[in-house]
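What's in data11.pdb: PDB, C-alpha atoms and all ligand atoms
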MODEL        1
ATOM      1  CA  MET M 127       0.000   0.000   0.000
ATOM      2  CA  THR M 128       1.336   3.458  -0.897
ATOM      3  CA  PRO M 129       1.810   5.421   2.328
ATOM      4  CA  LYS M 130       0.195   8.768   3.043
ATOM      5  CA  ILE M 131       2.874  10.664   4.896
ATOM      6  CA  LEU M 132       2.912  13.495   7.447
ATOM      7  CA  ILE M 133       6.233  15.186   8.145
ATOM      8  CA  ILE M 134       6.234  17.142  11.395
ATOM      9  CA  GLY M 135       9.017  19.737  11.467
ATOM     10  CA  ALA M 136       9.224  19.791   7.667
ATOM     11  CA  CYS M 137      10.878  23.217   7.419
ATOM     12  CA  GLY M 138      13.971  22.130   9.360
ATOM     13  CA  GLN M 139      17.340  20.975   8.070
ATOM     14  CA  ILE M 140      16.406  17.308   7.583
ATOM     15  CA  GLY M 141      12.660  17.793   7.125
ATOM     16  CA  SER M 142      12.911  20.041   4.095
ATOM     17  CA  GLU M 143      15.089  17.653   2.077
ATOM     18  CA  LEU M 144      13.182  14.615   3.295
ATOM     19  CA  THR M 145       9.884  16.167   2.198
ATOM     20  CA  LEU M 146      11.117  16.823  -1.331
ATOM     21  CA  THR M 147      12.621  13.344  -1.710
ATOM     22  CA  LEU M 148       9.507  11.606  -0.375
ATOM     23  CA  ARG M 149       7.379  13.676  -2.769
ATOM     24  CA  ASP M 150       9.564  12.502  -5.674
ATOM     25  CA  ILE M 151       9.014   8.905  -4.600
ATOM     26  CA  TYR M 152       5.338   8.866  -3.558
ATOM     27  CA  GLY M 153       3.890  11.955  -5.284
ATOM     28  CA  THR M 154       3.396  15.472  -3.933
ATOM     29  CA  SER M 155      -0.188  14.937  -2.807
ATOM     30  CA  ARG M 156       0.769  11.941  -0.644
ATOM     31  CA  VAL M 157       3.326  13.848   1.439
ATOM     32  CA  ILE M 158       1.952  16.488   3.810
ATOM     33  CA  ALA M 159       4.553  18.898   5.160
ATOM     34  CA  SER M 160       3.885  20.590   8.491
ATOM     35  CA  ASP M 161       5.667  22.942  10.845
ATOM     36  CA  ILE M 162       4.892  25.474  13.531
ATOM     37  CA  ARG M 163       5.443  28.265  11.002
ATOM     38  CA  LYS M 164       6.243  28.588   7.300
ATOM     39  CA  SER M 165       9.940  29.263   7.956
ATOM     40  CA  ASN M 166      10.834  27.719   4.600
ATOM     41  CA  PRO M 167       8.376  29.443   2.224
ATOM     42  CA  GLU M 168       9.699  27.621  -0.834
ATOM     43  CA  LEU M 169       9.006  24.244   0.757
ATOM     44  CA  ALA M 170       5.626  25.374   2.081
ATOM     45  CA  ALA M 171       4.640  26.410  -1.450
ATOM     46  CA  SER M 172       5.850  23.179  -3.057
ATOM     47  CA  GLY M 173       2.883  21.017  -1.976
ATOM     48  CA  PRO M 174       0.364  20.405   0.817
ATOM     49  CA  PHE M 175       1.398  22.216   3.999
ATOM     50  CA  GLU M 176      -0.209  22.466   7.444
ATOM     51  CA  ILE M 177       0.686  24.753  10.334
ATOM     52  CA  LEU M 178       1.150  22.326  13.210
ATOM     53  CA  ASP M 179       2.539  22.573  16.741
ATOM     54  CA  ALA M 180       4.284  19.266  17.477
ATOM     55  CA  THR M 181       3.443  19.560  21.181
ATOM     56  CA  ASP M 182      -0.306  19.820  20.487
ATOM     57  CA  LYS M 183      -1.807  16.321  20.351
ATOM     58  CA  GLU M 184      -5.196  17.505  19.118
ATOM     59  CA  GLN M 185      -3.701  19.385  16.196
ATOM     60  CA  ILE M 186      -1.657  16.346  15.161
ATOM     61  CA  GLY M 187      -4.725  14.091  15.475
ATOM     62  CA  SER M 188      -6.890  16.395  13.332
ATOM     63  CA  CYS M 189      -4.206  16.589  10.671
ATOM     64  CA  ILE M 190      -3.887  12.771  10.616
ATOM     65  CA  ASP M 191      -7.686  12.454  10.207
ATOM     66  CA  LYS M 192      -7.976  15.218   7.630
ATOM     67  CA  HIS M 193      -5.374  13.657   5.322
ATOM     68  CA  GLY M 194      -5.802   9.941   6.096
ATOM     69  CA  ILE M 195      -2.166   9.713   7.211
ATOM     70  CA  THR M 196      -0.523   6.271   7.531
ATOM     71  CA  ASP M 197       3.128   7.187   8.258
ATOM     72  CA  VAL M 198       4.495  10.007  10.434
ATOM     73  CA  TYR M 199       8.065  11.318  10.304
ATOM     74  CA  LEU M 200       8.530  13.328  13.494
ATOM     75  CA  MET M 201      11.445  15.645  12.707
ATOM     76  CA  ALA M 202      10.656  18.518  15.116
ATOM     77  CA  ALA M 203      13.277  18.787  17.875
ATOM     78  CA  MET M 204      15.384  21.244  19.804
ATOM     79  CA  LEU M 205      19.059  20.455  19.120
ATOM     80  CA  SER M 206      21.946  20.164  21.550
ATOM     81  CA  ALA M 207      23.261  23.726  21.871
ATOM     82  CA  THR M 208      19.853  25.419  22.099
ATOM     83  CA  ALA M 209      18.536  22.730  24.447
ATOM     84  CA  GLU M 210      21.271  23.592  26.974
ATOM     85  CA  LYS M 211      19.843  27.133  27.066
ATOM     86  CA  TYR M 212      16.184  26.100  27.319
ATOM     87  CA  PRO M 213      16.095  22.727  29.111
ATOM     88  CA  ASP M 214      12.362  22.801  29.948
ATOM     89  CA  LYS M 215      11.277  23.756  26.450
ATOM     90  CA  ALA M 216      13.614  21.170  24.948
ATOM     91  CA  TRP M 217      12.231  18.407  27.152
ATOM     92  CA  ASP M 218       8.660  19.466  26.403
ATOM     93  CA  LEU M 219       9.147  19.536  22.630
ATOM     94  CA  ASN M 220      11.433  16.522  22.271
ATOM     95  CA  MET M 221       9.460  14.189  24.552
ATOM     96  CA  ASN M 222       5.812  15.212  24.272
ATOM     97  CA  SER M 223       5.786  15.300  20.477
ATOM     98  CA  LEU M 224       7.131  11.737  20.546
ATOM     99  CA  PHE M 225       4.509  10.519  23.017
ATOM    100  CA  HIS M 226       1.724  12.038  20.907
ATOM    101  CA  VAL M 227       2.861  10.259  17.764
ATOM    102  CA  LEU M 228       3.608   6.944  19.508
ATOM    103  CA  ASP M 229       0.153   7.062  21.132
ATOM    104  CA  PHE M 230      -1.523   7.540  17.734
ATOM    105  CA  ALA M 231       0.394   4.510  16.445
ATOM    106  CA  ARG M 232      -0.522   2.461  19.547
ATOM    107  CA  ASP M 233      -4.187   3.401  19.005
ATOM    108  CA  LYS M 234      -3.893   2.280  15.326
ATOM    109  CA  LYS M 235      -4.605   5.746  13.933
ATOM    110  CA  ILE M 236      -1.324   5.491  11.973
ATOM    111  CA  LYS M 237       0.779   2.514  10.848
ATOM    112  CA  LYS M 238       4.419   3.571  10.943
ATOM    113  CA  VAL M 239       6.589   6.122  12.744
ATOM    114  CA  PHE M 240      10.051   7.511  12.012
ATOM    115  CA  TRP M 241      11.760   9.337  14.844
ATOM    116  CA  PRO M 242      15.326  10.683  14.751
ATOM    117  CA  SER M 243      17.748   9.961  17.559
ATOM    118  CA  SER M 244      21.338  11.220  17.656
ATOM    119  CA  ILE M 245      24.935  10.449  18.590
ATOM    120  CA  ALA M 246      24.078  12.708  21.565
ATOM    121  CA  VAL M 247      22.673   9.623  23.331
ATOM    122  CA  PHE M 248      26.284   8.734  24.114
ATOM    123  CA  GLY M 249      28.202  10.378  26.921
ATOM    124  CA  PRO M 250      31.685  10.892  28.358
ATOM    125  CA  GLY M 251      31.854   7.276  29.608
ATOM    126  CA  THR M 252      31.086   5.774  26.175
ATOM    127  CA  PRO M 253      33.995   4.224  24.209
ATOM    128  CA  LYS M 254      35.022   7.026  21.841
ATOM    129  CA  GLU M 255      36.183   5.094  18.796
ATOM    130  CA  GLN M 256      33.945   2.812  16.764
ATOM    131  CA  THR M 257      31.251   3.266  19.402
ATOM    132  CA  PRO M 258      29.188   0.057  19.338
ATOM    133  CA  GLN M 259      25.412  -0.147  18.985
ATOM    134  CA  GLN M 260      25.098  -1.326  22.571
ATOM    135  CA  THR M 261      27.413   0.305  25.051
ATOM    136  CA  ILE M 262      27.576   2.640  28.062
ATOM    137  CA  MET M 263      25.102   5.451  27.477
ATOM    138  CA  GLU M 264      25.228   8.270  29.988
ATOM    139  CA  PRO M 265      24.459  11.442  28.024
ATOM    140  CA  SER M 266      25.386  14.678  29.777
ATOM    141  CA  THR M 267      23.276  17.083  27.707
ATOM    142  CA  VAL M 268      19.553  17.855  27.872
ATOM    143  CA  TYR M 269      19.204  16.939  24.213
ATOM    144  CA  GLY M 270      21.067  13.638  24.695
ATOM    145  CA  ILE M 271      18.978  12.744  27.749
ATOM    146  CA  SER M 272      15.770  13.419  25.780
ATOM    147  CA  LYS M 273      16.979  11.314  22.856
ATOM    148  CA  LEU M 274      18.023   8.395  25.056
ATOM    149  CA  ALA M 275      14.694   8.504  26.916
ATOM    150  CA  GLY M 276      12.920   8.672  23.540
ATOM    151  CA  GLU M 277      14.797   5.601  22.314
ATOM    152  CA  ARG M 278      13.713   3.629  25.365
ATOM    153  CA  TRP M 279      10.101   4.687  24.800
ATOM    154  CA  CYS M 280      10.233   3.700  21.126
ATOM    155  CA  GLU M 281      11.388   0.212  22.080
ATOM    156  CA  TYR M 282       8.768   0.041  24.833
ATOM    157  CA  TYR M 283       5.930   0.925  22.430
ATOM    158  CA  TYR M 284       7.207  -1.657  19.941
ATOM    159  CA  LYS M 285       7.494  -4.443  22.516
ATOM    160  CA  ASN M 286       4.320  -3.712  24.457
ATOM    161  CA  TYR M 287       1.944  -2.338  21.816
ATOM    162  CA  GLY M 288       3.445  -3.594  18.537
ATOM    163  CA  VAL M 289       4.110  -0.035  17.284
ATOM    164  CA  ASP M 290       6.132  -0.068  14.041
ATOM    165  CA  VAL M 291       8.618   2.636  15.010
ATOM    166  CA  ARG M 292      11.980   3.051  13.297
ATOM    167  CA  SER M 293      14.860   5.312  14.241
ATOM    168  CA  ILE M 294      18.404   6.348  13.408
ATOM    169  CA  ARG M 295      21.069   7.927  15.622
ATOM    170  CA  TYR M 296      22.061  10.671  13.198
ATOM    171  CA  PRO M 297      25.599  12.012  13.312
ATOM    172  CA  GLY M 298      26.180  15.718  12.537
ATOM    173  CA  LEU M 299      24.512  16.384   9.184
ATOM    174  CA  ILE M 300      26.035  18.544   6.471
ATOM    175  CA  SER M 301      23.774  20.172   3.906
ATOM    176  CA  TRP M 302      23.645  23.245   1.708
ATOM    177  CA  LYS M 303      19.913  23.646   1.037
ATOM    178  CA  THR M 304      18.635  24.439   4.544
ATOM    179  CA  SER M 305      20.676  25.690   7.487
ATOM    180  CA  PRO M 306      20.679  23.774  10.747
ATOM    181  CA  GLY M 307      19.630  25.491  13.941
ATOM    182  CA  GLY M 308      21.188  25.194  17.360
ATOM    183  CA  GLY M 309      23.395  22.112  16.985
ATOM    184  CA  THR M 310      26.977  21.489  18.099
ATOM    185  CA  THR M 311      27.947  20.103  14.695
ATOM    186  CA  ASP M 312      26.676  23.227  12.859
ATOM    187  CA  TYR M 313      30.250  24.511  12.480
ATOM    188  CA  ALA M 314      30.762  21.991   9.666
ATOM    189  CA  ILE M 315      28.187  23.887   7.591
ATOM    190  CA  ASP M 316      28.949  27.469   8.672
ATOM    191  CA  ILE M 317      32.570  26.938   7.699
ATOM    192  CA  TYR M 318      31.703  26.475   3.991
ATOM    193  CA  HIS M 319      29.521  29.599   3.906
ATOM    194  CA  GLN M 320      32.187  31.725   5.625
ATOM    195  CA  ALA M 321      34.988  30.265   3.501
ATOM    196  CA  ILE M 322      33.186  31.406   0.359
ATOM    197  CA  GLU M 323      31.957  34.737   1.713
ATOM    198  CA  LYS M 324      34.932  35.878   3.832
ATOM    199  CA  GLY M 325      37.819  33.487   3.175
ATOM    200  CA  SER M 326      38.139  32.854   6.914
ATOM    201  CA  TYR M 327      36.276  31.164   9.768
ATOM    202  CA  GLU M 328      36.392  31.357  13.556
ATOM    203  CA  CYS M 329      35.474  27.900  14.821
ATOM    204  CA  PHE M 330      33.624  27.366  18.111
ATOM    205  CA  LEU M 331      35.213  23.913  18.527
ATOM    206  CA  ASP M 332      38.934  23.304  18.799
ATOM    207  CA  GLU M 333      41.064  22.008  15.952
ATOM    208  CA  ASN M 334      41.204  18.367  17.077
ATOM    209  CA  THR M 335      37.579  17.737  18.007
ATOM    210  CA  THR M 336      36.722  14.714  15.888
ATOM    211  CA  LEU M 337      33.007  13.996  15.502
ATOM    212  CA  PRO M 338      30.910  11.592  13.405
ATOM    213  CA  MET M 339      29.367  13.445  10.443
ATOM    214  CA  MET M 340      27.332  12.641   7.340
ATOM    215  CA  TYR M 341      26.286  14.326   4.110
ATOM    216  CA  MET M 342      22.549  15.007   3.978
ATOM    217  CA  ASP M 343      21.987  12.904   0.837
ATOM    218  CA  ASP M 344      23.305   9.873   2.733
ATOM    219  CA  ALA M 345      21.098  10.646   5.742
ATOM    220  CA  ILE M 346      17.978  10.947   3.593
ATOM    221  CA  ARG M 347      18.791   7.715   1.756
ATOM    222  CA  ALA M 348      19.322   5.919   5.087
ATOM    223  CA  THR M 349      16.039   7.232   6.475
ATOM    224  CA  ILE M 350      14.022   6.134   3.477
ATOM    225  CA  SER M 351      15.772   2.718   3.257
ATOM    226  CA  LEU M 352      14.979   2.085   6.899
ATOM    227  CA  MET M 353      11.343   3.074   6.430
ATOM    228  CA  GLN M 354      11.038   0.900   3.315
ATOM    229  CA  ALA M 355      12.736  -2.151   4.862
ATOM    230  CA  GLU M 356      10.627  -5.205   5.672
ATOM    231  CA  SER M 357       9.490  -4.979   9.274
ATOM    232  CA  ASN M 358      10.992  -8.355  10.191
ATOM    233  CA  SER M 359      14.491  -7.253   9.067
ATOM    234  CA  ILE M 360      14.482  -4.467  11.672
ATOM    235  CA  LYS M 361      15.806  -5.996  14.832
ATOM    236  CA  ILE M 362      16.522  -2.756  16.684
ATOM    237  CA  ARG M 363      13.517  -0.685  17.726
ATOM    238  CA  SER M 364      15.351   1.794  19.931
ATOM    239  CA  SER M 365      17.583   3.413  17.295
ATOM    240  CA  TYR M 366      20.309   2.362  14.842
ATOM    241  CA  ASN M 367      23.911   3.582  14.926
ATOM    242  CA  LEU M 368      24.727   5.116  11.552
ATOM    243  CA  SER M 369      28.188   6.057  10.348
ATOM    244  CA  GLY M 370      29.237   8.381   7.548
ATOM    245  CA  VAL M 371      32.628  10.014   7.970
ATOM    246  CA  SER M 372      34.635  11.274  10.967
ATOM    247  CA  PHE M 373      36.745  14.426  10.896
ATOM    248  CA  ASN M 374      37.794  17.398  13.007
ATOM    249  CA  PRO M 375      37.764  21.141  12.203
ATOM    250  CA  GLY M 376      41.474  21.097  11.303
ATOM    251  CA  GLU M 377      40.988  18.317   8.751
ATOM    252  CA  LEU M 378      37.890  19.979   7.317
ATOM    253  CA  ALA M 379      39.770  23.263   6.925
ATOM    254  CA  LYS M 380      42.547  21.456   5.007
ATOM    255  CA  THR M 381      40.099  20.004   2.470
ATOM    256  CA  ILE M 382      38.587  23.464   1.947
ATOM    257  CA  GLN M 383      42.086  24.933   1.454
ATOM    258  CA  LYS M 384      42.605  22.565  -1.495
ATOM    259  CA  HIS M 385      39.825  24.499  -3.266
ATOM    260  CA  ILE M 386      40.267  27.926  -1.610
ATOM    261  CA  PRO M 387      44.040  28.165  -0.970
ATOM    262  CA  GLY M 388      43.858  31.432   0.998
ATOM    263  CA  PHE M 389      41.212  30.147   3.425
ATOM    264  CA  SER M 390      42.200  30.557   7.072
ATOM    265  CA  ILE M 391      40.697  29.162  10.257
ATOM    266  CA  SER M 392      41.064  30.242  13.885
ATOM    267  CA  TYR M 393      39.710  28.542  16.990
ATOM    268  CA  LYS M 394      37.690  30.029  19.836
ATOM    269  CA  PRO M 395      35.963  27.153  21.652
ATOM    270  CA  ASP M 396      32.770  28.105  23.520
ATOM    271  CA  PHE M 397      30.213  26.139  25.605
ATOM    272  CA  ARG M 398      29.662  23.781  22.685
ATOM    273  CA  GLN M 399      33.173  22.342  23.158
ATOM    274  CA  LYS M 400      32.026  20.570  26.323
ATOM    275  CA  ILE M 401      29.077  19.054  24.455
ATOM    276  CA  ALA M 402      31.302  17.863  21.604
ATOM    277  CA  ASP M 403      33.835  16.425  24.066
ATOM    278  CA  SER M 404      31.112  14.204  25.517
ATOM    279  CA  TRP M 405      30.308  12.611  22.129
ATOM    280  CA  PRO M 406      32.048   9.792  20.239
ATOM    281  CA  GLY M 407      34.596  10.344  17.482
ATOM    282  CA  SER M 408      33.457   7.466  15.283
ATOM    283  CA  ILE M 409      30.572   5.003  15.135
ATOM    284  CA  ASP M 410      30.291   1.276  14.470
ATOM    285  CA  ASP M 411      27.153   0.810  12.400
ATOM    286  CA  SER M 412      27.409  -2.924  11.643
ATOM    287  CA  PRO M 413      23.780  -3.741  12.609
ATOM    288  CA  ALA M 414      22.450  -1.156  10.105
ATOM    289  CA  ARG M 415      24.755  -2.589   7.431
ATOM    290  CA  THR M 416      23.796  -6.198   7.968
ATOM    291  CA  GLN M 417      20.098  -5.813   8.797
ATOM    292  CA  TRP M 418      18.941  -3.337   6.155
ATOM    293  CA  GLY M 419      21.917  -2.933   3.853
ATOM    294  CA  TRP M 420      23.229   0.505   4.898
ATOM    295  CA  LYS M 421      26.435   1.887   3.320
ATOM    296  CA  ALA M 422      27.537   5.539   3.329
ATOM    297  CA  GLY M 423      28.415   7.098  -0.021
ATOM    298  CA  PHE M 424      30.157  10.421   0.736
ATOM    299  CA  ASP M 425      33.634  10.894   2.227
ATOM    300  CA  LEU M 426      35.007  14.269   3.373
ATOM    301  CA  GLU M 427      36.503  15.121  -0.023
ATOM    302  CA  ALA M 428      33.211  14.406  -1.803
ATOM    303  CA  ILE M 429      31.246  16.405   0.791
ATOM    304  CA  THR M 430      33.521  19.424   0.318
ATOM    305  CA  GLU M 431      33.206  19.269  -3.469
ATOM    306  CA  GLU M 432      29.395  19.030  -3.215
ATOM    307  CA  MET M 433      29.118  21.837  -0.664
ATOM    308  CA  LEU M 434      31.359  24.263  -2.552
ATOM    309  CA  SER M 435      29.799  23.632  -5.944
ATOM    310  CA  ASN M 436      26.228  23.824  -4.641
ATOM    311  CA  LEU M 437      27.010  27.008  -2.725
ATOM    312  CA  ASN M 438      28.210  28.350  -6.086
ATOM    313  CA  PHE M 439      31.899  28.625  -5.332
ATOM    314  CA  SER M 440      34.012  28.811  -8.479
ATOM    315  CA  SER M 441      37.811  28.957  -8.254
TER
HETATM  316  C1  LIG J 501      23.516  18.553  17.171
HETATM  317  O1  LIG J 501      24.661  18.975  16.960
HETATM  318  O2  LIG J 501      22.850  18.822  18.169
HETATM  319  C2  LIG J 501      22.914  17.612  16.148
HETATM  320  C3  LIG J 501      23.112  16.183  16.514
HETATM  321  C4  LIG J 501      24.461  15.590  16.477
HETATM  322  O3  LIG J 501      22.171  15.510  16.817
HETATM  323  N1  LIG J 501      23.459  17.869  14.856
ENDMDL
END
Is it possible to give me this structure as structure tokens?
Ligand code: AKB
Amino acid sequence: MTPKILIIGACGQIGSELTLTLRDIYGTSRVIASDIRKSNPELAASGPFEILDATDKEQIGSCIDKHGITDVYLMAAMLSATAEKYPDKAWDLNMNSLFHVLDFARDKKIKKVFWPSSIAVFGPGTPKEQTPQQTIMEPSTVYGISKLAGERWCEYYYKNYGVDVRSIRYPGLISWKTSPGGGTTDYAIDIYHQAIEKGSYECFLDENTTLPMMYMDDAIRATISLMQAESNSIKIRSSYNLSGVSFNPGELAKTIQKHIPGFSISYKPDFRQKIADSWPGSIDDSPARTQWGWKAGFDLEAITEEMLSNLNFSS
């Protein structure tokens, strides 16, 4: 059966690209974009769009009824850096939106749920390199705590109510179409914009802070593959580790310098350094590879070429 999809948080960094790709696959009329405001007017104009507050259960329910929704992608979230500033709001948005959607799936109003987790579920006590799927998880950020709690709830709803929920622990995502908002990995996008506009960048993480990252095209492909996989091939109902590429600001700057030789970088770590220091440097994603055939396509060189050419840099 062709799904009828609702994307909550469609104007955000992942949501906007996911919406367009899902519309290419299933048809524009079968993919309803929604967000609390039309912050991406181009996306809002590209097909059906609803104003929707992810914390309002009634609004979500009415939208599901109105459009006969079968699958919900819940992309609304407050990311790590902003969540440290507004812990209550972050908890409210990140947790209650998830409960609303899981409840609708439990009550058979919808069939399938996608919910994004993050590498932020790991903490300072987690093994840093090739972090396994199952390991010590003691997140030290509000965002990470909300994502880990969310993962446990996803598994609980699957085991106790048979909810078909699927999830990925996204690394830092790099994209050129829509800017991220309030994440610790955002530097890896800002740097390209500043390199082109100013030829220099002041980085809020230090030179050697290696983090797991991924190009947006890979993340979208992973999300859709997971949602299209046969239910019985999905053995993990909390959230899957997913690996793309690992690099630090110094290494990223060097790849940019190959294209923009005069580009310079300086380092002024701020409160986000502590968040980054609590996260892994690289991820072991063997369950995603073996269970639903995941394989990343973009390395750092390819990401830099894509970013610079799409942001219209010409040497
Ligand atoms: C963030 O930096 O908060 C996000 C994430 C890693 O989930 N990009």
For the contact check between chain M and ligand LIG 501 (chain J), emit one row per residue of chain M within 6 Å, containing the shortest atom pair and the distance in Å rounded to one decimal, counting all atoms listed in the file, chain then rising number order, as a tab-separated table.
residue	atom	partner	partner_atom	distance
M:Leu205	CA	J:LIG501	O2	4.2
M:Ser206	CA	J:LIG501	O2	3.7
M:Ser244	CA	J:LIG501	O3	4.4
M:Ile245	CA	J:LIG501	C4	5.6
M:Ala246	CA	J:LIG501	O3	5.8
M:Pro297	CA	J:LIG501	C4	4.9
M:Gly298	CA	J:LIG501	N1	4.2
M:Leu299	CA	J:LIG501	N1	6.0
M:Gly309	CA	J:LIG501	O1	3.4
M:Thr310	CA	J:LIG501	O1	3.6
M:Thr311	CA	J:LIG501	O1	4.1
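From atom CA of M:Ala345 back to atom CA of M:Tyr296, the distance works out to 7.5 Å.
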- Counting all atoms listed in the file, closest pick from M:Lys400, M:Arg347, M:Lys234, M:Arg295 relative to M:Pro258 is M:Arg295
- Message: Residues within 12 Å of M:Tyr282, please, as a ChimeraX atom specification. Count all atoms listed in the file; anything in the same chain fewer than 3 positions from it doesn't count.
- Response: /M:225,228-229,232,275-279,285-291,362-364
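Checking M:Ser372, M:Gln383, M:Ser412, M:Ser301 one by one against M:Gln260, counting all atoms listed in the file, you find the shortest gap at M:Ser412.
In terms of minimum interatomic distance to M:Gln256, M:Trp405 ranks closest within M:Tyr199, M:Phe439, M:Phe424, M:Trp405, counting only C-alpha atoms.
Our summary of the geometry notes that atom CA of M:Glu210 is positioned 7.5 Å from atom CA of M:Tyr269.
Atom CA of M:Asp425 sits 17.4 Å away from atom CA of M:Tyr313.
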- May I have the protein, DNA and RNA residues with any atom at most 9 Å from the point (36.6, 18.6, 22.9), counting all atoms listed in the file, written as a ChimeraX atom specification? /M:331-336,395,398-405
- Query: So which residues get picked by the PyMOL selection byres (((chain M and resi 163) around 10) and not hetatm) here, written as a list of chain:residue names?
  - Reply: M:Gly135, M:Ala136, M:Cys137, M:Ser160, M:Asp161, M:Ile162, M:Lys164, M:Ser165, M:Asn166, M:Pro167, M:Ala170, M:Glu176, M:Ile177, M:Leu178, M:Asp179
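When the PyMOL selection byres (((chain M and resi 320) around 12) and not hetatm) is evaluated on the file shown here, the picked residues come out as Tyr313, Ala314, Ile315, Asp316, Ile317, Tyr318, His319, Ala321, Ile322, Glu323, Lys324, Gly325, Ser326, Tyr327, Glu328, Cys329, Ala379, Ile382, Ile386, Phe389, Ser390, Ile391, Leu434, Leu437 and Phe439 of chain M.
The residue set within 7 Å of M:Met263, counting all atoms listed in the file and dropping same-chain residues fewer than 5 places from it, reads Val247, Phe248, Gly249 and Thr252 of chain M.
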- For the file shown, report as a ChimeraX atom specification the outcome of the PyMOL selection byres (((chain M and resi 255) around 7) and not hetatm) at residue level. /M:253-254,256-257,406-409
- Item | Residue with smallest distance to M:Lys421 - pool M:Asp182, M:Glu168, M:Asp396, M:Asp344, counting all atoms listed in the file | M:Asp344
- Item | M:Gly270, M:Gly187, M:Gly419, M:Gly138 ranked by distance to M:Ala355, top pick (using only C-alpha atoms) | M:Gly419
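Distances to M:Thr349 were evaluated for M:Ser243, M:Ser266, M:Asn220, M:Thr304 using all atoms listed in the file, and the minimum falls at M:Ser243.
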- Task: Fewer than 4 positions away in the same chain doesn't count, so skip those; otherwise give me all residues within 7 Å of M:Ser293, counting only C-alpha atoms, as a list in words.
- Result: Phe240, Trp241, Pro242, Ser243, Ser364, Ser365 and Tyr366 of chain M
Starting from 4 Å padding per side, set up an axis-aligned box that covers all listed atoms of stretch 182-199 of chain M and hand over centre and edge lengths in Å, one decimal, as AutoDock Vina command-line options.
--center_x 0.0 --center_y 13.0 --center_z 12.9 --size_x 24.0 --size_y 21.5 --size_z 23.2
Have stretch 211-223 of chain M completed to N, CA and C atoms, please, and pass it along as a PDB file, keeping the file's coordinate frame.
ATOM      1  N   LYS M 211      20.314  25.812  26.619  1.00  0.00           N
ATOM      2  CA  LYS M 211      19.843  27.133  27.066  1.00  0.00           C
ATOM      3  C   LYS M 211      18.400  27.088  27.552  1.00  0.00           C
ATOM      4  N   TYR M 212      17.614  26.182  26.968  1.00  0.00           N
ATOM      5  CA  TYR M 212      16.184  26.100  27.319  1.00  0.00           C
ATOM      6  C   TYR M 212      15.802  24.661  27.667  1.00  0.00           C
ATOM      7  N   PRO M 213      16.315  24.143  28.797  1.00  0.00           N
ATOM      8  CA  PRO M 213      16.095  22.727  29.111  1.00  0.00           C
ATOM      9  C   PRO M 213      14.619  22.331  29.175  1.00  0.00           C
ATOM     10  N   ASP M 214      13.782  23.179  29.799  1.00  0.00           N
ATOM     11  CA  ASP M 214      12.362  22.801  29.948  1.00  0.00           C
ATOM     12  C   ASP M 214      11.670  22.704  28.598  1.00  0.00           C
ATOM     13  N   LYS M 215      11.913  23.736  27.779  1.00  0.00           N
ATOM     14  CA  LYS M 215      11.277  23.756  26.450  1.00  0.00           C
ATOM     15  C   LYS M 215      11.756  22.583  25.607  1.00  0.00           C
ATOM     16  N   ALA M 216      13.056  22.272  25.737  1.00  0.00           N
ATOM     17  CA  ALA M 216      13.614  21.170  24.948  1.00  0.00           C
ATOM     18  C   ALA M 216      12.964  19.852  25.359  1.00  0.00           C
ATOM     19  N   TRP M 217      12.841  19.653  26.657  1.00  0.00           N
ATOM     20  CA  TRP M 217      12.231  18.407  27.152  1.00  0.00           C
ATOM     21  C   TRP M 217      10.781  18.315  26.682  1.00  0.00           C
ATOM     22  N   ASP M 218      10.070  19.432  26.797  1.00  0.00           N
ATOM     23  CA  ASP M 218       8.660  19.466  26.403  1.00  0.00           C
ATOM     24  C   ASP M 218       8.527  19.111  24.908  1.00  0.00           C
ATOM     25  N   LEU M 219       9.269  19.787  24.076  1.00  0.00           N
ATOM     26  CA  LEU M 219       9.147  19.536  22.630  1.00  0.00           C
ATOM     27  C   LEU M 219       9.628  18.127  22.276  1.00  0.00           C
ATOM     28  N   ASN M 220      10.841  17.786  22.724  1.00  0.00           N
ATOM     29  CA  ASN M 220      11.433  16.522  22.271  1.00  0.00           C
ATOM     30  C   ASN M 220      10.672  15.294  22.784  1.00  0.00           C
ATOM     31  N   MET M 221      10.123  15.373  23.994  1.00  0.00           N
ATOM     32  CA  MET M 221       9.460  14.189  24.552  1.00  0.00           C
ATOM     33  C   MET M 221       7.965  14.151  24.226  1.00  0.00           C
ATOM     34  N   ASN M 222       7.274  15.281  24.430  1.00  0.00           N
ATOM     35  CA  ASN M 222       5.812  15.212  24.272  1.00  0.00           C
ATOM     36  C   ASN M 222       5.397  14.968  22.832  1.00  0.00           C
ATOM     37  N   SER M 223       6.120  15.555  21.890  1.00  0.00           N
ATOM     38  CA  SER M 223       5.786  15.300  20.477  1.00  0.00           C
ATOM     39  C   SER M 223       5.912  13.800  20.193  1.00  0.00           C
TER      40      SER M 223
END
